[in-house]
Amino acid sequence: MADNRYVVGVIGTTLFLIAFGIILFTNMQLKADYEFLSKIIHMLSHMESGEFADVQEEDLSSERRKNEYGMIAVALKDVGAKLQGHIQREYVWKLKEQETQMRALQHQINPHFLYNTLETLRSRALLEGDRDTADAIALLGALYRARTHTKDTITLGEEFKLLEMYLKIMELRFGDNFFYQVELEDALREIPTVSFWLQPLAENFFTHGFDRESMYNLLIISGHPQGSDTVIEIMDNGSGVPADQLEQVQKTMREGNDDPEADIGLRNVYMRLNYFYGNGFKMEIGNNPEGGFKISILIPGKVEEDVHIGDRG
């Protein structure tokens, strides 16, 4: 030992340095774990307060941890993003629902007065032998009754019936210039949907595509299954949309613009259906190769499991 004192000293010093390094590294690791756990607790505090945006702002990129703490932090960010999206979707849906109710109140009139007036006009038309006018008034009264008494959430079959009432009125109005075809497969009739969204799409044809000089204006509305999904198509033989304007129409439908009328028509229908059906819903617009305009709507196949009549009303 006396002859190897130098070697023993070196070995001892080396062992001491190794032990000190291990202790120092362990201490640093524990400190880092503590700081990371503090960040997780901070994220939980934000989530408890409903501040999901602050959770998303937490920067984890500089701490690429692959242990359980890192997995928990990443999971918290994912949960926060999903909760924030869900809350925003429900919040916007409620705002749109309140807006619809406010509009209904603004345009509300005494229904009994209207029904009685329409019935008086219908009776007078029958006495004068004007059957077409009497039928049109009867259909108008029935459609108004439906609009004032129908729930916010109905079945697809009921929505198609409401559409047919409207189209029969338009058929009486335009006579032999207008033809329509409505088809919905029986298996799709019980699918839940929001009320009165097909009529605005049909009105879009009469506003932009109908040609009064033509002897054959055609509107076709159909519903058929596509795998587990449902596809609703609205097609016409009208003038369509100019190619240079189609992209802007599509963008306005999905994103809106500063025009106060942007929430009417295509935009309004897109928003209502998108908030109702959520993930998987699609709405596409375009021109038919042979002429006319086409709207395709895809309703996701799991809607009957995820949405029930009355849940949104």
# chains A, B, ... in the order shown; residues from 1 in each chain; ligands from 1
call {"tool": "select_by_dssp", "arguments": {"residues": "region 127-238 of chain A", "states": "strand (DSSP E or B)", "output": "PyMOL selection string"}}
result
chain A and resi 153-155+178-184+192-194+217-226+229-236
call {"tool": "write_last_selection", "arguments": {"atoms": "C-alpha atoms", "output": "compact mmCIF listing (two decimals), in the first residue's frame"}}
result
# COMPACT_ATOMS: atom_id res chain seq x y z
CA THR A 153 -84.72 18.56 -34.28
CA ILE A 154 -86.75 16.21 -36.46
CA THR A 155 -86.19 13.16 -38.67
CA PHE A 178 -91.43 23.93 -63.09
CA PHE A 179 -90.98 20.23 -62.36
CA TYR A 180 -89.50 18.55 -59.31
CA GLN A 181 -88.60 15.09 -58.07
CA VAL A 182 -88.06 14.13 -54.42
CA GLU A 183 -86.73 10.71 -53.42
CA LEU A 184 -85.59 9.43 -50.01
CA PRO A 192 -82.16 12.83 -36.96
CA THR A 193 -81.58 16.26 -38.46
CA VAL A 194 -82.34 19.93 -37.87
CA ASN A 217 -87.01 24.07 -65.00
CA LEU A 218 -86.11 20.91 -63.08
CA LEU A 219 -85.15 20.41 -59.44
CA ILE A 220 -84.18 16.98 -58.08
CA ILE A 221 -83.62 16.20 -54.38
CA SER A 222 -82.54 12.69 -53.43
CA GLY A 223 -81.22 10.82 -50.41
CA HIS A 224 -79.37 7.52 -50.59
CA PRO A 225 -76.91 5.54 -48.45
CA GLN A 226 -73.21 5.52 -49.24
CA ASP A 229 -73.03 7.32 -44.48
CA THR A 230 -75.98 9.16 -46.02
CA VAL A 231 -75.73 11.40 -49.07
CA ILE A 232 -78.29 14.10 -49.86
CA GLU A 233 -78.07 15.67 -53.34
CA ILE A 234 -79.86 18.76 -54.65
CA MET A 235 -79.50 19.20 -58.42
CA ASP A 236 -81.09 21.53 -60.98
call {"tool": "closest_residue", "arguments": {"among": "A:Pro289, A:Glu213, A:Phe276, A:Ala202", "to": "Lys94 (chain A)", "atoms": "only C-alpha atoms"}}
result
A:Phe276
call {"tool": "closest_residue", "arguments": {"among": "A:Gly278, A:Arg254, A:Tyr216, A:Gly141", "to": "Arg122 (chain A)", "atoms": "only C-alpha atoms"}}
result
A:Gly141
call {"tool": "closest_residue", "arguments": {"among": "A:Phe210, A:Phe293, A:Tyr275, A:Phe196", "to": "Tyr144 (chain A)", "atoms": "only C-alpha atoms"}}
result
A:Phe196
call {"tool": "atom_distance", "arguments": {"atom1": "CA of Thr26 (chain A)", "atom2": "CA of Ser45 (chain A)"}}
result
28.2 Å
call {"tool": "closest_residue", "arguments": {"among": "A:Leu162, A:Leu167, A:Leu273, A:Leu156", "to": "Arg189 (chain A)", "atoms": "only C-alpha atoms"}}
result
A:Leu156
call {"tool": "decode", "arguments": {"residues": "region 189-202 of chain A", "atoms": "all heavy atoms", "output": "PDB file, in the first residue's frame"}}
result
ATOM      1  N   ARG A 189     -85.170   7.425 -43.332  1.00  0.00           N
ATOM      2  CA  ARG A 189     -86.201   8.340 -42.863  1.00  0.00           C
ATOM      3  C   ARG A 189     -86.107   8.675 -41.379  1.00  0.00           C
ATOM      4  O   ARG A 189     -86.574   9.726 -40.950  1.00  0.00           O
ATOM      5  CB  ARG A 189     -87.588   7.784 -43.195  1.00  0.00           C
ATOM      6  CG  ARG A 189     -87.875   7.764 -44.684  1.00  0.00           C
ATOM      7  CD  ARG A 189     -89.316   7.436 -45.007  1.00  0.00           C
ATOM      8  NE  ARG A 189     -89.541   7.535 -46.440  1.00  0.00           N
ATOM      9  CZ  ARG A 189     -89.796   8.663 -47.085  1.00  0.00           C
ATOM     10  NH1 ARG A 189     -89.879   9.798 -46.392  1.00  0.00           N
ATOM     11  NH2 ARG A 189     -89.988   8.698 -48.386  1.00  0.00           N
ATOM     12  N   GLU A 190     -85.536   7.805 -40.573  1.00  0.00           N
ATOM     13  CA  GLU A 190     -85.476   8.044 -39.125  1.00  0.00           C
ATOM     14  C   GLU A 190     -84.185   8.713 -38.678  1.00  0.00           C
ATOM     15  O   GLU A 190     -83.968   8.918 -37.487  1.00  0.00           O
ATOM     16  CB  GLU A 190     -85.659   6.722 -38.374  1.00  0.00           C
ATOM     17  CG  GLU A 190     -87.024   6.076 -38.574  1.00  0.00           C
ATOM     18  CD  GLU A 190     -88.165   7.007 -38.192  1.00  0.00           C
ATOM     19  OE1 GLU A 190     -88.066   7.653 -37.135  1.00  0.00           O
ATOM     20  OE2 GLU A 190     -89.141   7.089 -38.963  1.00  0.00           O
ATOM     21  N   ILE A 191     -83.320   9.067 -39.610  1.00  0.00           N
ATOM     22  CA  ILE A 191     -82.074   9.739 -39.242  1.00  0.00           C
ATOM     23  C   ILE A 191     -82.396  11.133 -38.687  1.00  0.00           C
ATOM     24  O   ILE A 191     -83.147  11.892 -39.300  1.00  0.00           O
ATOM     25  CB  ILE A 191     -81.141   9.859 -40.459  1.00  0.00           C
ATOM     26  CG1 ILE A 191     -80.639   8.470 -40.871  1.00  0.00           C
ATOM     27  CG2 ILE A 191     -79.959  10.785 -40.161  1.00  0.00           C
ATOM     28  CD1 ILE A 191     -79.780   8.480 -42.111  1.00  0.00           C
ATOM     29  N   PRO A 192     -81.874  11.508 -37.530  1.00  0.00           N
ATOM     30  CA  PRO A 192     -82.157  12.828 -36.956  1.00  0.00           C
ATOM     31  C   PRO A 192     -81.489  13.950 -37.730  1.00  0.00           C
ATOM     32  O   PRO A 192     -80.395  13.786 -38.273  1.00  0.00           O
ATOM     33  CB  PRO A 192     -81.604  12.721 -35.529  1.00  0.00           C
ATOM     34  CG  PRO A 192     -80.570  11.658 -35.608  1.00  0.00           C
ATOM     35  CD  PRO A 192     -81.044  10.678 -36.632  1.00  0.00           C
ATOM     36  N   THR A 193     -82.142  15.083 -37.783  1.00  0.00           N
ATOM     37  CA  THR A 193     -81.585  16.256 -38.457  1.00  0.00           C
ATOM     38  C   THR A 193     -82.219  17.513 -37.868  1.00  0.00           C
ATOM     39  O   THR A 193     -83.141  17.427 -37.059  1.00  0.00           O
ATOM     40  CB  THR A 193     -81.838  16.178 -39.971  1.00  0.00           C
ATOM     41  OG1 THR A 193     -81.072  17.192 -40.626  1.00  0.00           O
ATOM     42  CG2 THR A 193     -83.310  16.354 -40.309  1.00  0.00           C
ATOM     43  N   VAL A 194     -81.719  18.664 -38.269  1.00  0.00           N
ATOM     44  CA  VAL A 194     -82.335  19.925 -37.866  1.00  0.00           C
ATOM     45  C   VAL A 194     -83.464  20.248 -38.835  1.00  0.00           C
ATOM     46  O   VAL A 194     -83.503  19.729 -39.945  1.00  0.00           O
ATOM     47  CB  VAL A 194     -81.301  21.071 -37.846  1.00  0.00           C
ATOM     48  CG1 VAL A 194     -80.287  20.855 -36.756  1.00  0.00           C
ATOM     49  CG2 VAL A 194     -80.612  21.198 -39.196  1.00  0.00           C
ATOM     50  N   SER A 195     -84.375  21.097 -38.416  1.00  0.00           N
ATOM     51  CA  SER A 195     -85.547  21.388 -39.246  1.00  0.00           C
ATOM     52  C   SER A 195     -85.310  22.564 -40.190  1.00  0.00           C
ATOM     53  O   SER A 195     -84.555  23.480 -39.883  1.00  0.00           O
ATOM     54  CB  SER A 195     -86.757  21.678 -38.358  1.00  0.00           C
ATOM     55  OG  SER A 195     -86.498  22.796 -37.527  1.00  0.00           O
ATOM     56  N   PHE A 196     -85.976  22.496 -41.338  1.00  0.00           N
ATOM     57  CA  PHE A 196     -86.025  23.562 -42.331  1.00  0.00           C
ATOM     58  C   PHE A 196     -84.645  23.977 -42.852  1.00  0.00           C
ATOM     59  O   PHE A 196     -84.260  25.138 -42.782  1.00  0.00           O
ATOM     60  CB  PHE A 196     -86.774  24.783 -41.768  1.00  0.00           C
ATOM     61  CG  PHE A 196     -88.247  24.552 -41.626  1.00  0.00           C
ATOM     62  CD1 PHE A 196     -88.787  24.296 -40.377  1.00  0.00           C
ATOM     63  CD2 PHE A 196     -89.078  24.550 -42.721  1.00  0.00           C
ATOM     64  CE1 PHE A 196     -90.142  24.050 -40.230  1.00  0.00           C
ATOM     65  CE2 PHE A 196     -90.436  24.314 -42.583  1.00  0.00           C
ATOM     66  CZ  PHE A 196     -90.976  24.058 -41.353  1.00  0.00           C
ATOM     67  N   TRP A 197     -83.882  23.016 -43.352  1.00  0.00           N
ATOM     68  CA  TRP A 197     -82.645  23.358 -44.045  1.00  0.00           C
ATOM     69  C   TRP A 197     -82.707  22.996 -45.529  1.00  0.00           C
ATOM     70  O   TRP A 197     -81.947  23.554 -46.342  1.00  0.00           O
ATOM     71  CB  TRP A 197     -81.438  22.675 -43.393  1.00  0.00           C
ATOM     72  CG  TRP A 197     -81.470  21.170 -43.369  1.00  0.00           C
ATOM     73  CD1 TRP A 197     -81.959  20.379 -42.382  1.00  0.00           C
ATOM     74  CD2 TRP A 197     -80.972  20.272 -44.376  1.00  0.00           C
ATOM     75  NE1 TRP A 197     -81.822  19.052 -42.700  1.00  0.00           N
ATOM     76  CE2 TRP A 197     -81.213  18.948 -43.919  1.00  0.00           C
ATOM     77  CE3 TRP A 197     -80.349  20.449 -45.600  1.00  0.00           C
ATOM     78  CZ2 TRP A 197     -80.847  17.826 -44.661  1.00  0.00           C
ATOM     79  CZ3 TRP A 197     -79.984  19.327 -46.341  1.00  0.00           C
ATOM     80  CH2 TRP A 197     -80.231  18.037 -45.869  1.00  0.00           C
ATOM     81  N   LEU A 198     -83.617  22.087 -45.909  1.00  0.00           N
ATOM     82  CA  LEU A 198     -83.754  21.761 -47.330  1.00  0.00           C
ATOM     83  C   LEU A 198     -84.454  22.880 -48.097  1.00  0.00           C
ATOM     84  O   LEU A 198     -84.125  23.152 -49.258  1.00  0.00           O
ATOM     85  CB  LEU A 198     -84.535  20.449 -47.498  1.00  0.00           C
ATOM     86  CG  LEU A 198     -83.741  19.153 -47.306  1.00  0.00           C
ATOM     87  CD1 LEU A 198     -84.666  17.942 -47.289  1.00  0.00           C
ATOM     88  CD2 LEU A 198     -82.673  18.992 -48.390  1.00  0.00           C
ATOM     89  N   GLN A 199     -85.416  23.526 -47.462  1.00  0.00           N
ATOM     90  CA  GLN A 199     -86.149  24.589 -48.157  1.00  0.00           C
ATOM     91  C   GLN A 199     -85.234  25.734 -48.598  1.00  0.00           C
ATOM     92  O   GLN A 199     -85.347  26.191 -49.744  1.00  0.00           O
ATOM     93  CB  GLN A 199     -87.283  25.119 -47.283  1.00  0.00           C
ATOM     94  CG  GLN A 199     -88.109  26.208 -47.966  1.00  0.00           C
ATOM     95  CD  GLN A 199     -89.275  26.682 -47.118  1.00  0.00           C
ATOM     96  OE1 GLN A 199     -89.908  25.902 -46.424  1.00  0.00           O
ATOM     97  NE2 GLN A 199     -89.549  27.980 -47.172  1.00  0.00           N
ATOM     98  N   PRO A 200     -84.312  26.243 -47.741  1.00  0.00           N
ATOM     99  CA  PRO A 200     -83.414  27.305 -48.215  1.00  0.00           C
ATOM    100  C   PRO A 200     -82.566  26.885 -49.415  1.00  0.00           C
ATOM    101  O   PRO A 200     -82.259  27.714 -50.271  1.00  0.00           O
ATOM    102  CB  PRO A 200     -82.533  27.597 -46.993  1.00  0.00           C
ATOM    103  CG  PRO A 200     -83.357  27.176 -45.828  1.00  0.00           C
ATOM    104  CD  PRO A 200     -84.140  25.994 -46.294  1.00  0.00           C
ATOM    105  N   LEU A 201     -82.188  25.599 -49.477  1.00  0.00           N
ATOM    106  CA  LEU A 201     -81.405  25.133 -50.618  1.00  0.00           C
ATOM    107  C   LEU A 201     -82.258  25.116 -51.881  1.00  0.00           C
ATOM    108  O   LEU A 201     -81.771  25.407 -52.980  1.00  0.00           O
ATOM    109  CB  LEU A 201     -80.839  23.739 -50.334  1.00  0.00           C
ATOM    110  CG  LEU A 201     -79.885  23.647 -49.137  1.00  0.00           C
ATOM    111  CD1 LEU A 201     -79.310  22.241 -49.024  1.00  0.00           C
ATOM    112  CD2 LEU A 201     -78.765  24.669 -49.244  1.00  0.00           C
ATOM    113  N   ALA A 202     -83.537  24.761 -51.729  1.00  0.00           N
ATOM    114  CA  ALA A 202     -84.451  24.813 -52.869  1.00  0.00           C
ATOM    115  C   ALA A 202     -84.696  26.265 -53.280  1.00  0.00           C
ATOM    116  O   ALA A 202     -84.760  26.594 -54.472  1.00  0.00           O
ATOM    117  CB  ALA A 202     -85.763  24.111 -52.529  1.00  0.00           C
TER     118      ALA A 202
END
